[in-house]
$ cat model.txt   # compact mmCIF, C-alpha atoms
# COMPACT_ATOMS: atom_id res chain seq x y z
CA MET A 22 -9.63 42.83 21.57
CA ARG A 23 -9.36 44.11 17.98
CA GLY A 24 -5.87 42.57 17.80
CA PHE A 25 -7.32 39.20 18.69
CA TRP A 26 -9.73 39.30 15.75
CA HIS A 27 -6.92 40.37 13.42
CA THR A 28 -5.03 37.28 14.57
CA VAL A 29 -8.07 35.08 13.97
CA GLU A 30 -8.46 36.53 10.46
CA ALA A 31 -4.80 35.97 9.70
CA VAL A 32 -5.04 32.36 10.97
CA LEU A 33 -8.08 31.76 8.81
CA ALA A 34 -6.37 33.22 5.76
CA GLY A 35 -3.24 31.19 6.32
CA SER A 36 -5.26 28.03 6.96
CA LEU A 37 -7.19 28.51 3.76
CA LEU A 38 -3.95 28.95 1.84
CA ILE A 39 -2.33 25.83 3.35
CA THR A 40 -5.51 23.77 2.91
CA PHE A 41 -5.57 24.77 -0.75
CA LEU A 42 -1.93 23.74 -1.18
CA ILE A 43 -2.56 20.38 0.52
CA VAL A 44 -5.60 19.66 -1.65
CA VAL A 45 -3.68 20.57 -4.81
CA SER A 46 -0.76 18.32 -3.86
CA GLN A 47 -2.97 15.26 -3.19
CA PRO A 48 -1.75 12.17 -5.11
CA VAL A 49 -3.83 11.25 -8.13
CA PHE A 50 -5.45 7.85 -7.82
CA SER A 51 -5.05 5.82 -10.97
CA ASP A 52 -8.05 4.22 -12.55
CA PRO A 53 -8.03 0.52 -11.67
CA GLN A 54 -9.21 -0.40 -15.15
CA PRO A 55 -5.76 -1.28 -16.57
CA LYS A 56 -5.31 -4.01 -14.00
CA ASP A 57 -8.81 -5.32 -14.62
CA GLN A 58 -8.14 -5.50 -18.35
CA GLN A 59 -4.95 -7.45 -17.71
CA LEU A 60 -6.89 -9.86 -15.55
CA LEU A 61 -9.60 -10.12 -18.21
CA ALA A 62 -6.95 -10.96 -20.82
CA TYR A 63 -5.49 -13.68 -18.59
CA GLU A 64 -8.93 -15.13 -17.87
CA LEU A 65 -9.82 -15.24 -21.56
CA LEU A 66 -6.62 -17.15 -22.34
CA HIS A 67 -7.14 -19.41 -19.34
CA ASP A 68 -10.69 -20.18 -20.53
CA LEU A 69 -9.35 -21.14 -23.96
CA ASP A 70 -6.84 -23.41 -22.22
CA LEU A 71 -9.61 -25.04 -20.19
CA GLN A 72 -11.55 -25.60 -23.43
CA GLY A 73 -8.46 -27.39 -24.77
CA VAL A 74 -8.02 -25.11 -27.77
CA LEU A 75 -5.14 -22.88 -26.71
CA ARG A 76 -2.12 -25.18 -26.55
CA ASN A 77 -2.43 -26.72 -29.96
CA ASP A 78 -2.86 -23.37 -31.70
CA ALA A 79 -0.01 -21.88 -29.67
CA PHE A 80 2.26 -24.82 -30.44
CA PHE A 81 1.79 -24.20 -34.17
CA GLY A 82 2.21 -20.45 -33.66
CA ASN A 83 -1.31 -19.83 -34.90
CA ALA A 84 -1.96 -16.47 -33.23
CA THR A 85 -4.75 -15.66 -35.70
CA ALA A 86 -6.75 -18.73 -34.68
CA ILE A 87 -6.40 -17.88 -31.00
CA ASN A 88 -7.42 -14.27 -31.64
CA SER A 89 -10.48 -15.36 -33.62
CA ARG A 90 -11.75 -17.36 -30.63
CA ILE A 91 -11.70 -14.28 -28.38
CA GLN A 92 -14.69 -11.94 -28.07
CA ILE A 93 -14.35 -8.78 -25.99
CA GLY A 94 -17.21 -6.26 -26.11
CA HIS A 95 -16.18 -3.09 -27.93
CA SER A 96 -12.43 -3.43 -27.36
CA ASN A 97 -9.89 -4.32 -29.99
CA HIS A 98 -7.61 -7.26 -29.41
CA SER A 99 -4.75 -9.15 -30.95
CA VAL A 100 -2.64 -12.14 -29.97
CA GLN A 101 1.05 -12.96 -30.14
CA VAL A 102 2.66 -16.33 -29.51
CA CYS A 103 6.28 -15.95 -28.44
CA THR A 104 9.08 -18.47 -28.00
CA ALA A 105 11.90 -18.39 -25.44
CA SER A 106 14.04 -16.46 -27.92
CA VAL A 107 11.21 -13.88 -28.17
CA ILE A 108 10.38 -14.72 -31.76
CA CYS A 109 6.69 -13.91 -31.94
CA ASN A 110 3.91 -14.88 -34.31
CA GLY A 111 1.05 -12.41 -34.54
CA THR A 112 1.02 -8.65 -34.29
CA ALA A 113 1.34 -6.20 -31.43
CA PRO A 114 -0.86 -3.11 -31.80
CA GLU A 115 0.56 0.34 -32.32
CA ALA A 116 -1.94 2.13 -30.16
CA ARG A 117 -2.10 4.04 -26.91
CA ASN A 118 -3.47 2.51 -23.71
CA VAL A 119 -2.82 -1.09 -24.58
CA TRP A 120 -3.23 -3.71 -21.87
CA ILE A 121 -1.42 -7.01 -22.09
CA GLY A 122 -2.42 -10.28 -20.51
CA SER A 123 0.23 -12.96 -20.48
CA TYR A 124 -0.17 -16.73 -20.31
CA MET A 125 2.78 -19.07 -20.16
CA LEU A 126 2.67 -22.57 -21.57
CA ALA A 127 5.11 -25.28 -20.59
CA GLY A 128 4.69 -26.71 -24.10
CA ASP A 129 2.73 -29.62 -25.44
CA ASP A 130 5.44 -31.64 -27.07
CA LEU A 131 8.98 -31.34 -28.34
CA ASP A 132 9.25 -29.61 -31.72
CA GLN A 133 10.27 -31.32 -34.97
CA ASN A 134 13.94 -30.92 -33.99
CA GLY A 135 13.32 -32.69 -30.69
CA GLU A 136 13.83 -29.48 -28.75
CA TYR A 137 11.82 -28.28 -25.83
CA ARG A 138 9.84 -25.17 -26.67
CA PRO A 139 7.93 -23.32 -23.93
CA LEU A 140 5.69 -20.51 -25.15
CA GLU A 141 4.13 -17.28 -23.97
CA VAL A 142 0.77 -16.20 -25.33
CA LYS A 143 0.15 -12.46 -25.11
CA LEU A 144 -3.30 -10.98 -25.52
CA TYR A 145 -3.34 -7.25 -26.27
CA ILE A 146 -6.50 -5.27 -25.51
CA TRP A 147 -7.02 -1.65 -26.50
CA GLU A 148 -9.85 0.82 -27.06
CA MET B 23 4.30 47.53 15.02
CA LYS B 24 1.27 45.96 16.66
CA GLY B 25 0.14 44.58 13.29
CA GLN B 26 3.41 42.70 12.94
CA PHE B 27 2.73 40.95 16.22
CA TYR B 28 -0.65 39.89 14.88
CA VAL B 29 0.94 38.42 11.79
CA LEU B 30 3.64 36.72 13.85
CA GLY B 31 0.99 35.38 16.24
CA ALA B 32 -1.00 34.10 13.29
CA LEU B 33 2.05 32.34 11.88
CA VAL B 34 2.75 30.69 15.22
CA LEU B 35 -0.86 29.49 15.46
CA ILE B 36 -0.77 28.16 11.88
CA VAL B 37 2.42 26.24 12.60
CA ILE B 38 0.81 24.75 15.72
CA LEU B 39 -2.34 23.85 13.80
CA PHE B 40 -0.55 22.13 10.91
CA ALA B 41 2.35 20.60 12.85
CA GLY B 42 0.45 17.34 13.06
CA ILE B 43 0.27 16.90 9.30
CA PRO B 44 3.10 14.63 8.11
CA LEU B 45 5.34 16.24 5.51
CA GLU B 46 5.98 13.01 3.62
CA ARG B 47 2.84 11.32 2.51
CA PRO B 48 2.92 7.54 2.32
CA VAL B 49 3.36 6.35 -1.23
CA LEU B 50 0.17 4.75 -2.46
CA VAL B 51 0.91 1.30 -3.79
CA GLN B 52 -1.73 -0.51 -5.77
CA GLN B 53 -1.67 -4.25 -5.22
CA SER B 54 -0.60 -5.91 -8.45
CA LYS B 55 -3.24 -8.44 -9.36
CA ASP B 56 -1.15 -9.80 -12.20
CA LEU B 57 1.27 -11.38 -9.71
CA ASP B 58 -1.56 -13.56 -8.41
CA TYR B 59 -2.66 -14.89 -11.77
CA LEU B 60 0.89 -15.30 -13.04
CA LEU B 61 1.64 -17.38 -9.94
CA THR B 62 -1.45 -19.50 -10.65
CA ASN B 63 -0.26 -19.90 -14.24
CA ILE B 64 3.23 -20.97 -13.12
CA LYS B 65 1.91 -23.43 -10.55
CA GLN B 66 -0.16 -25.03 -13.27
CA GLU B 67 2.64 -25.19 -15.86
CA PHE B 68 5.57 -26.54 -13.84
CA PRO B 69 3.97 -29.98 -13.33
CA ARG B 70 3.14 -29.99 -17.06
CA ALA B 71 6.80 -29.34 -17.83
CA VAL B 72 7.74 -32.27 -15.58
CA ASN B 73 5.25 -34.55 -17.33
CA LEU B 74 6.42 -33.50 -20.77
CA GLY B 75 10.04 -34.05 -19.83
CA ARG B 76 9.27 -37.37 -18.12
CA ASN B 77 7.65 -38.66 -21.30
CA GLN B 78 10.82 -37.75 -23.18
CA SER B 79 13.19 -38.88 -20.37
CA THR B 80 14.46 -35.33 -20.15
CA ALA B 81 12.51 -34.10 -17.12
CA LEU B 82 15.46 -32.34 -15.51
CA SER B 83 16.54 -30.59 -18.70
CA VAL B 84 12.98 -29.47 -19.42
CA LEU B 85 12.57 -28.18 -15.85
CA GLU B 86 15.79 -26.19 -16.06
CA HIS B 87 14.76 -24.79 -19.41
CA PHE B 88 11.28 -23.86 -18.23
CA THR B 89 12.73 -22.21 -15.09
CA SER B 90 15.00 -20.10 -17.28
CA PHE B 91 12.12 -19.30 -19.64
CA THR B 92 9.81 -18.25 -16.80
CA THR B 93 12.52 -16.12 -15.19
CA SER B 94 13.20 -14.21 -18.41
CA ARG B 95 9.51 -13.78 -19.33
CA LEU B 96 8.69 -12.41 -15.87
CA ALA B 97 11.77 -10.17 -15.84
CA GLU B 98 10.31 -8.51 -18.93
CA LYS B 99 7.35 -7.55 -16.72
CA ALA B 100 9.69 -6.22 -14.00
CA ILE B 101 8.94 -9.27 -11.85
CA THR B 102 11.69 -11.12 -10.01
CA PHE B 103 11.05 -14.85 -10.08
CA ASN B 104 12.68 -17.11 -7.50
CA THR B 105 12.08 -20.79 -7.23
CA PHE B 106 13.22 -23.87 -5.43
CA TRP B 107 12.18 -27.22 -6.80
CA MET B 108 12.85 -30.85 -6.23
CA LEU B 109 12.37 -33.63 -8.73
CA VAL B 110 12.49 -37.22 -7.53
CA GLN B 111 12.56 -40.02 -10.10
CA ASN B 112 12.87 -43.75 -9.68
CA THR B 113 16.01 -45.04 -11.38
CA SER B 114 16.17 -48.71 -10.54
CA GLY B 115 14.64 -50.89 -7.84
CA SER B 116 14.44 -48.83 -4.68
CA ASP B 117 16.88 -46.17 -5.86
CA VAL B 118 15.61 -42.69 -6.53
CA THR B 119 17.42 -39.77 -8.10
CA ILE B 120 16.84 -36.46 -6.34
CA ASP B 121 17.40 -33.31 -8.37
CA ILE B 122 17.25 -30.04 -6.47
CA GLY B 123 17.05 -26.75 -8.35
CA ASN B 124 18.00 -23.70 -6.32
CA TYR B 125 16.98 -20.51 -8.10
CA LEU B 126 16.38 -18.47 -4.96
CA GLY B 127 19.40 -16.30 -5.60
CA THR B 128 21.49 -17.47 -2.65
CA PRO B 129 23.28 -20.71 -1.75
CA LEU B 130 20.99 -23.06 0.08
CA SER B 131 21.39 -25.77 2.68
CA VAL B 132 18.70 -28.35 2.06
CA VAL B 133 17.93 -30.86 4.80
CA LEU B 134 16.16 -33.99 3.55
CA THR B 135 14.81 -36.12 6.36
CA PHE B 136 13.89 -39.65 5.29
CA PRO B 137 12.52 -42.20 7.77
CA SER B 138 15.94 -43.84 8.07
CA GLU B 139 18.40 -40.99 7.58
CA THR B 140 18.93 -37.28 7.13
CA GLN B 141 20.87 -35.79 4.25
CA ILE B 142 22.18 -32.24 4.14
CA ILE B 143 22.81 -30.98 0.64
CA VAL B 144 24.38 -27.63 -0.12
CA VAL B 145 23.17 -26.23 -3.42
CA PRO B 146 24.91 -23.12 -4.82
CA ALA B 147 22.70 -20.36 -6.18
CA ASN B 148 21.20 -20.88 -9.63
CA THR B 149 22.36 -24.46 -9.96
CA THR B 150 20.92 -27.94 -9.81
CA ASN B 151 22.24 -30.65 -7.52
CA GLU B 152 21.72 -34.37 -8.09
CA THR B 153 21.91 -37.03 -5.43
CA THR B 154 20.61 -40.59 -5.04
CA TYR B 155 18.85 -42.30 -2.21
CA THR B 156 17.73 -45.86 -1.58
CA VAL B 157 14.15 -45.89 -0.38
CA SER B 158 13.61 -48.32 2.51
CA SER B 159 9.82 -48.24 2.54
CA ASP B 160 7.14 -47.50 -0.02
CA PRO B 161 5.47 -45.04 0.24
CA TYR B 162 7.98 -43.00 2.16
CA ASN B 163 7.75 -39.76 4.11
CA LEU B 164 10.19 -37.02 3.33
CA THR B 165 10.64 -33.68 5.05
CA ILE B 166 12.20 -30.99 2.91
CA ASN B 167 13.71 -28.08 4.81
CA PHE B 168 15.42 -25.32 2.86
CA THR B 169 15.73 -22.47 5.37
CA ILE B 170 12.76 -20.41 4.18
CA ALA B 171 10.23 -23.23 4.08
CA ASN B 172 9.57 -26.65 5.44
CA LYS B 173 7.45 -29.31 3.77
CA THR B 174 6.64 -32.93 4.54
CA VAL B 175 5.52 -35.11 1.66
CA ARG B 176 4.48 -38.73 1.28
CA TRP B 177 5.73 -40.10 -2.00
CA TYR B 178 5.80 -43.45 -3.84
CA GLU B 179 9.17 -44.74 -5.02
CA ASP B 180 8.00 -45.77 -8.51
CA LYS B 181 6.39 -42.42 -9.29
CA THR B 182 8.00 -39.22 -10.51
CA ASN B 183 7.48 -36.67 -7.76
CA PHE B 184 7.83 -32.93 -7.83
CA TYR B 185 7.87 -30.20 -5.22
CA GLY B 186 8.06 -26.54 -6.22
CA TYR B 187 8.30 -23.34 -4.20
CA PHE B 188 7.65 -20.15 -6.15
CA ARG B 189 8.12 -16.50 -5.25
CA LEU B 190 7.21 -13.54 -7.46
CA GLN B 191 8.17 -10.01 -6.50
CA ARG B 192 7.60 -6.63 -8.04
CA GLY B 193 8.62 -3.78 -5.76
CA GLU B 194 6.93 -4.31 -2.44
CA ASN B 195 4.40 -6.77 -3.83
CA ILE B 196 5.33 -10.38 -3.17
CA VAL B 197 3.37 -13.56 -3.76
CA VAL B 198 4.59 -16.96 -2.61
CA ASP B 199 3.19 -20.45 -2.92
CA ASP B 200 4.30 -24.04 -3.29
CA ILE B 201 2.99 -27.14 -4.99
CA GLU B 202 3.47 -30.86 -4.73
CA ALA B 203 2.79 -33.08 -7.70

$ encode --input "model.txt" --output "structure tokens"
Amino acid sequence: MRGFWHTVEAVLAGSLLITFLIVVSQPVFSDPQPKDQQLLAYELLHDLDLQGVLRNDAFFGNATAINSRIQIGHSNHSVQVCTASVICNGTAPEARNVWIGSYMLAGDDLDQNGEYRPLEVKLYIWE
Amino acid sequence: MKGQFYVLGALVLIVILFAGIPLERPVLVQQSKDLDYLLTNIKQEFPRAVNLGRNQSTALSVLEHFTSFTTSRLAEKAITFNTFWMLVQNTSGSDVTIDIGNYLGTPLSVVLTFPSETQIIVVPANTTNETTYTVSSDPYNLTINFTIANKTVRWYEDKTNFYGYFRLQRGENIVVDDIEA
């Protein structure tokens, strides 16, 4: 009978050890905030587009004007307007935990050289 | 000696107890929301590209350029962009020019079923094919079948018409939609 209780004790000890190992090895769930910030950035750019103020500024590469129209609580933000050859107007932040929302524009008109010029507007958000 | 049997018995019981726990845990994949809004963005911009090009009589060139632009911009975000589109423009009288862009990554057999005839057009991967058709009625119904999708549209011969099928993929996350404009 005493042997039985020794076995039970050993099972409990082993179970505790394995349970501890399983708990420790659980995957870490990432905070969903980065995705939400990306979505926020897209929605802000989309709102500017709906207001009819995004395309013209983007066409002239005026990232500063676009950035000045954006208000986000306590977060910092900056805007870049990039061409197909990835020549960008505006500045990208040198910070940690930066979220980027991207908004593509088919273009408003041909440029002064008569060439088609699609654009990508990037909105950077960081703490 | 008896103690060793206890330990061995305990080990056997532990193995039995934990045998049901899978060794490999499923990888947790968070659904990428950005695919959804990027798809919405693309669906909105392709018709704009067509309109811009139509105004400059360069609709096909603009579409090809915008397809290439979108592909490269999305690749930067580790997203694979595949598209199939069809641009139909009136050239003269009842004649329409049909441009088919196949950017799905594989050669495609496109079956166009008009009220009076059926055309089968083979479009190699990452190319555009141009064909003409004389419309017998206006408006006309057209069924577009390109293996992975099937769409019936009702278009007017004197209007520029566009159909686009878009697919965005990052890892196991895939979003697909089509538009008609």

$ interface_residues --input "model.txt" --of "chain B" --to "chain A" --cutoff "10 Å" --atoms "only C-alpha atoms" --output "short mmCIF file (atom, residue, chain, number, x, y, z; two decimals) with C-alpha atoms, in the frame of the given file"
data_model
loop_
_atom_site.label_atom_id
_atom_site.label_comp_id
_atom_site.auth_asym_id
_atom_site.auth_seq_id
_atom_site.Cartn_x
_atom_site.Cartn_y
_atom_site.Cartn_z
CA LYS B 24 1.27 45.96 16.66
CA GLY B 25 0.14 44.58 13.29
CA PHE B 27 2.73 40.95 16.22
CA TYR B 28 -0.65 39.89 14.88
CA VAL B 29 0.94 38.42 11.79
CA LEU B 30 3.64 36.72 13.85
CA GLY B 31 0.99 35.38 16.24
CA ALA B 32 -1.00 34.10 13.29
CA LEU B 33 2.05 32.34 11.88
CA VAL B 34 2.75 30.69 15.22
CA LEU B 35 -0.86 29.49 15.46
CA ILE B 36 -0.77 28.16 11.88
CA VAL B 37 2.42 26.24 12.60
CA LEU B 39 -2.34 23.85 13.80
CA PHE B 40 -0.55 22.13 10.91
CA ILE B 43 0.27 16.90 9.30
CA ARG B 47 2.84 11.32 2.51
CA PRO B 48 2.92 7.54 2.32
CA VAL B 49 3.36 6.35 -1.23
CA LEU B 50 0.17 4.75 -2.46
CA VAL B 51 0.91 1.30 -3.79
CA GLN B 52 -1.73 -0.51 -5.77
CA GLN B 53 -1.67 -4.25 -5.22
CA SER B 54 -0.60 -5.91 -8.45
CA LYS B 55 -3.24 -8.44 -9.36
CA ASP B 56 -1.15 -9.80 -12.20
CA ASP B 58 -1.56 -13.56 -8.41
CA TYR B 59 -2.66 -14.89 -11.77
CA LEU B 60 0.89 -15.30 -13.04
CA ASN B 63 -0.26 -19.90 -14.24
CA ILE B 64 3.23 -20.97 -13.12
CA GLN B 66 -0.16 -25.03 -13.27
CA GLU B 67 2.64 -25.19 -15.86
CA PHE B 68 5.57 -26.54 -13.84
CA PRO B 69 3.97 -29.98 -13.33
CA ARG B 70 3.14 -29.99 -17.06
CA ALA B 71 6.80 -29.34 -17.83
CA VAL B 72 7.74 -32.27 -15.58
CA ASN B 73 5.25 -34.55 -17.33
CA LEU B 74 6.42 -33.50 -20.77
CA GLY B 75 10.04 -34.05 -19.83
CA ASN B 77 7.65 -38.66 -21.30
CA GLN B 78 10.82 -37.75 -23.18
CA THR B 80 14.46 -35.33 -20.15
CA SER B 83 16.54 -30.59 -18.70
CA VAL B 84 12.98 -29.47 -19.42
CA LEU B 85 12.57 -28.18 -15.85
CA HIS B 87 14.76 -24.79 -19.41
CA PHE B 88 11.28 -23.86 -18.23
CA THR B 89 12.73 -22.21 -15.09
CA SER B 90 15.00 -20.10 -17.28
CA PHE B 91 12.12 -19.30 -19.64
CA THR B 92 9.81 -18.25 -16.80
CA SER B 94 13.20 -14.21 -18.41
CA ARG B 95 9.51 -13.78 -19.33
CA LEU B 96 8.69 -12.41 -15.87
CA LYS B 99 7.35 -7.55 -16.72
#

$ atom_distance --input "model.txt" --atom1 "atom CA of Phe41 of chain A" --atom2 "atom CA of Met22 of chain A"
29.0 Å

$ residues_around --input "model.txt" --residues "Gly94 of chain A" --least-positions-apart "3" --cutoff "12 Å" --atoms "all atoms listed in the file" --output "list of chain:residue names"
A:Gln58, A:Leu61, A:Ile91, A:Asn97, A:His98, A:Ile146, A:Trp147, A:Glu148

$ residues_near_point --input "model.txt" --point "(22.4, -20.8, -7.3)" --cutoff "12 Å" --atoms "only C-alpha atoms" --output "PyMOL selection string"
chain B and resi 104-106+122-131+144-151

$ atom_distance --input "model.txt" --atom1 "atom CA of Val133 of chain B" --atom2 "atom CA of Asn195 of chain B"
28.9 Å

$ atom_distance --input "model.txt" --atom1 "atom CA of Ala116 of chain A" --atom2 "atom CA of Ala97 of chain B"
23.3 Å

$ residues_around --input "model.txt" --residues "segment 99-101 of chain A" --least-positions-apart "2" --cutoff "8 Å" --atoms "only C-alpha atoms" --output "MDAnalysis selection string"
chainID A and resid 84:85 87:88 97 103 109:114 142:146

$ residues_around --input "model.txt" --residues "Gln111 of chain B" --least-positions-apart "2" --cutoff "12 Å" --atoms "only C-alpha atoms" --output "ChimeraX atom specification"
/B:72-73,75-76,79-82,108-109,113-122,152-157,177-185

$ residues_around --input "model.txt" --residues "Arg176 of chain B" --least-positions-apart "6" --cutoff "7 Å" --atoms "all atoms listed in the file" --output "PyMOL selection string"
chain B and resi 161-164

$ write_last_selection --input "model.txt" --atoms "C-alpha atoms" --output "PDB file, in the frame of the given file"
ATOM      1  CA  PRO B 161       5.470 -45.040   0.240  1.00  0.00           C
ATOM      2  CA  TYR B 162       7.980 -43.000   2.160  1.00  0.00           C
ATOM      3  CA  ASN B 163       7.750 -39.760   4.110  1.00  0.00           C
ATOM      4  CA  LEU B 164      10.190 -37.020   3.330  1.00  0.00           C
TER       5      LEU B 164
END

$ closest_residue --input "model.txt" --among "B:Phe103, B:Thr174, B:Arg192, B:Phe168" --to "Pro137 of chain B" --atoms "all atoms listed in the file"
B:Thr174

$ decode --input "model.txt" --residues "segment 57-145 of chain A" --atoms "C-alpha atoms" --output "PDB file, in the first residue's frame"
ATOM      1  CA  ASP A  57      -4.474  48.179 -35.890  1.00  0.00           C
ATOM      2  CA  GLN A  58      -2.002  51.017 -36.405  1.00  0.00           C
ATOM      3  CA  GLN A  59      -1.449  49.917 -39.994  1.00  0.00           C
ATOM      4  CA  LEU A  60      -5.182  49.914 -40.539  1.00  0.00           C
ATOM      5  CA  LEU A  61      -5.463  53.331 -38.887  1.00  0.00           C
ATOM      6  CA  ALA A  62      -2.780  54.679 -41.235  1.00  0.00           C
ATOM      7  CA  TYR A  63      -4.611  53.314 -44.273  1.00  0.00           C
ATOM      8  CA  GLU A  64      -7.926  54.739 -43.087  1.00  0.00           C
ATOM      9  CA  LEU A  65      -6.419  58.175 -42.517  1.00  0.00           C
ATOM     10  CA  LEU A  66      -5.010  58.218 -46.053  1.00  0.00           C
ATOM     11  CA  HIS A  67      -8.274  56.868 -47.449  1.00  0.00           C
ATOM     12  CA  ASP A  68     -10.194  59.643 -45.649  1.00  0.00           C
ATOM     13  CA  LEU A  69      -7.906  62.258 -47.188  1.00  0.00           C
ATOM     14  CA  ASP A  70      -8.568  60.672 -50.583  1.00  0.00           C
ATOM     15  CA  LEU A  71     -12.329  60.816 -50.002  1.00  0.00           C
ATOM     16  CA  GLN A  72     -11.960  64.504 -49.077  1.00  0.00           C
ATOM     17  CA  GLY A  73     -10.239  65.001 -52.439  1.00  0.00           C
ATOM     18  CA  VAL A  74      -7.020  66.380 -50.978  1.00  0.00           C
ATOM     19  CA  LEU A  75      -4.656  63.422 -51.245  1.00  0.00           C
ATOM     20  CA  ARG A  76      -4.119  62.924 -54.967  1.00  0.00           C
ATOM     21  CA  ASN A  77      -3.168  66.448 -55.854  1.00  0.00           C
ATOM     22  CA  ASP A  78      -0.635  66.737 -53.032  1.00  0.00           C
ATOM     23  CA  ALA A  79       0.752  63.298 -53.849  1.00  0.00           C
ATOM     24  CA  PHE A  80       1.018  64.122 -57.540  1.00  0.00           C
ATOM     25  CA  PHE A  81       3.213  67.122 -56.702  1.00  0.00           C
ATOM     26  CA  GLY A  82       5.189  65.057 -54.182  1.00  0.00           C
ATOM     27  CA  ASN A  83       4.058  67.314 -51.363  1.00  0.00           C
ATOM     28  CA  ALA A  84       4.494  64.893 -48.446  1.00  0.00           C
ATOM     29  CA  THR A  85       4.629  67.766 -45.945  1.00  0.00           C
ATOM     30  CA  ALA A  86       1.162  68.984 -46.929  1.00  0.00           C
ATOM     31  CA  ILE A  87      -0.292  65.495 -46.589  1.00  0.00           C
ATOM     32  CA  ASN A  88       1.386  65.029 -43.206  1.00  0.00           C
ATOM     33  CA  SER A  89       0.050  68.365 -41.951  1.00  0.00           C
ATOM     34  CA  ARG A  90      -3.522  67.238 -42.653  1.00  0.00           C
ATOM     35  CA  ILE A  91      -3.145  64.167 -40.424  1.00  0.00           C
ATOM     36  CA  GLN A  92      -3.919  64.250 -36.697  1.00  0.00           C
ATOM     37  CA  ILE A  93      -3.209  61.162 -34.599  1.00  0.00           C
ATOM     38  CA  GLY A  94      -3.559  61.472 -30.813  1.00  0.00           C
ATOM     39  CA  HIS A  95      -0.175  61.282 -29.100  1.00  0.00           C
ATOM     40  CA  SER A  96       1.631  59.371 -31.849  1.00  0.00           C
ATOM     41  CA  ASN A  97       4.241  60.811 -34.161  1.00  0.00           C
ATOM     42  CA  HIS A  98       3.737  60.527 -37.875  1.00  0.00           C
ATOM     43  CA  SER A  99       5.383  61.327 -41.166  1.00  0.00           C
ATOM     44  CA  VAL A 100       4.517  60.818 -44.818  1.00  0.00           C
ATOM     45  CA  GLN A 101       6.456  59.721 -47.873  1.00  0.00           C
ATOM     46  CA  VAL A 102       5.283  59.863 -51.476  1.00  0.00           C
ATOM     47  CA  CYS A 103       7.112  57.304 -53.614  1.00  0.00           C
ATOM     48  CA  THR A 104       7.240  56.759 -57.368  1.00  0.00           C
ATOM     49  CA  ALA A 105       7.551  53.454 -59.229  1.00  0.00           C
ATOM     50  CA  SER A 106      11.330  53.820 -59.162  1.00  0.00           C
ATOM     51  CA  VAL A 107      11.107  54.204 -55.351  1.00  0.00           C
ATOM     52  CA  ILE A 108      12.214  57.818 -55.359  1.00  0.00           C
ATOM     53  CA  CYS A 109      10.468  59.199 -52.305  1.00  0.00           C
ATOM     54  CA  ASN A 110       9.590  62.685 -51.141  1.00  0.00           C
ATOM     55  CA  GLY A 111       9.284  63.104 -47.391  1.00  0.00           C
ATOM     56  CA  THR A 112      11.137  61.436 -44.563  1.00  0.00           C
ATOM     57  CA  ALA A 113      10.997  58.002 -42.996  1.00  0.00           C
ATOM     58  CA  PRO A 114      11.511  58.019 -39.223  1.00  0.00           C
ATOM     59  CA  GLU A 115      14.541  56.489 -37.575  1.00  0.00           C
ATOM     60  CA  ALA A 116      12.705  55.069 -34.611  1.00  0.00           C
ATOM     61  CA  ARG A 117      11.759  51.726 -33.142  1.00  0.00           C
ATOM     62  CA  ASN A 118       8.253  50.291 -33.424  1.00  0.00           C
ATOM     63  CA  VAL A 119       7.229  52.141 -36.537  1.00  0.00           C
ATOM     64  CA  TRP A 120       4.011  51.125 -38.273  1.00  0.00           C
ATOM     65  CA  ILE A 121       3.494  51.844 -41.934  1.00  0.00           C
ATOM     66  CA  GLY A 122       0.216  52.256 -43.740  1.00  0.00           C
ATOM     67  CA  SER A 123       0.391  52.168 -47.503  1.00  0.00           C
ATOM     68  CA  TYR A 124      -1.972  53.683 -50.057  1.00  0.00           C
ATOM     69  CA  MET A 125      -1.492  53.235 -53.771  1.00  0.00           C
ATOM     70  CA  LEU A 126      -2.614  55.814 -56.287  1.00  0.00           C
ATOM     71  CA  ALA A 127      -3.125  55.053 -59.951  1.00  0.00           C
ATOM     72  CA  GLY A 128      -2.131  58.654 -60.678  1.00  0.00           C
ATOM     73  CA  ASP A 129      -4.132  61.716 -61.526  1.00  0.00           C
ATOM     74  CA  ASP A 130      -2.599  62.710 -64.805  1.00  0.00           C
ATOM     75  CA  LEU A 131       0.470  62.143 -66.913  1.00  0.00           C
ATOM     76  CA  ASP A 132       3.516  64.107 -65.741  1.00  0.00           C
ATOM     77  CA  GLN A 133       5.099  67.015 -67.636  1.00  0.00           C
ATOM     78  CA  ASN A 134       7.018  64.507 -69.793  1.00  0.00           C
ATOM     79  CA  GLY A 135       3.785  62.773 -70.761  1.00  0.00           C
ATOM     80  CA  GLU A 136       4.709  59.709 -68.732  1.00  0.00           C
ATOM     81  CA  TYR A 137       2.423  57.693 -66.553  1.00  0.00           C
ATOM     82  CA  ARG A 138       3.350  57.987 -62.896  1.00  0.00           C
ATOM     83  CA  PRO A 139       1.589  55.824 -60.303  1.00  0.00           C
ATOM     84  CA  LEU A 140       2.408  56.662 -56.691  1.00  0.00           C
ATOM     85  CA  GLU A 141       2.497  55.080 -53.266  1.00  0.00           C
ATOM     86  CA  VAL A 142       1.782  57.186 -50.199  1.00  0.00           C
ATOM     87  CA  LYS A 143       3.274  55.795 -46.995  1.00  0.00           C
ATOM     88  CA  LEU A 144       2.170  56.996 -43.591  1.00  0.00           C
ATOM     89  CA  TYR A 145       4.581  56.165 -40.760  1.00  0.00           C
TER      90      TYR A 145
END
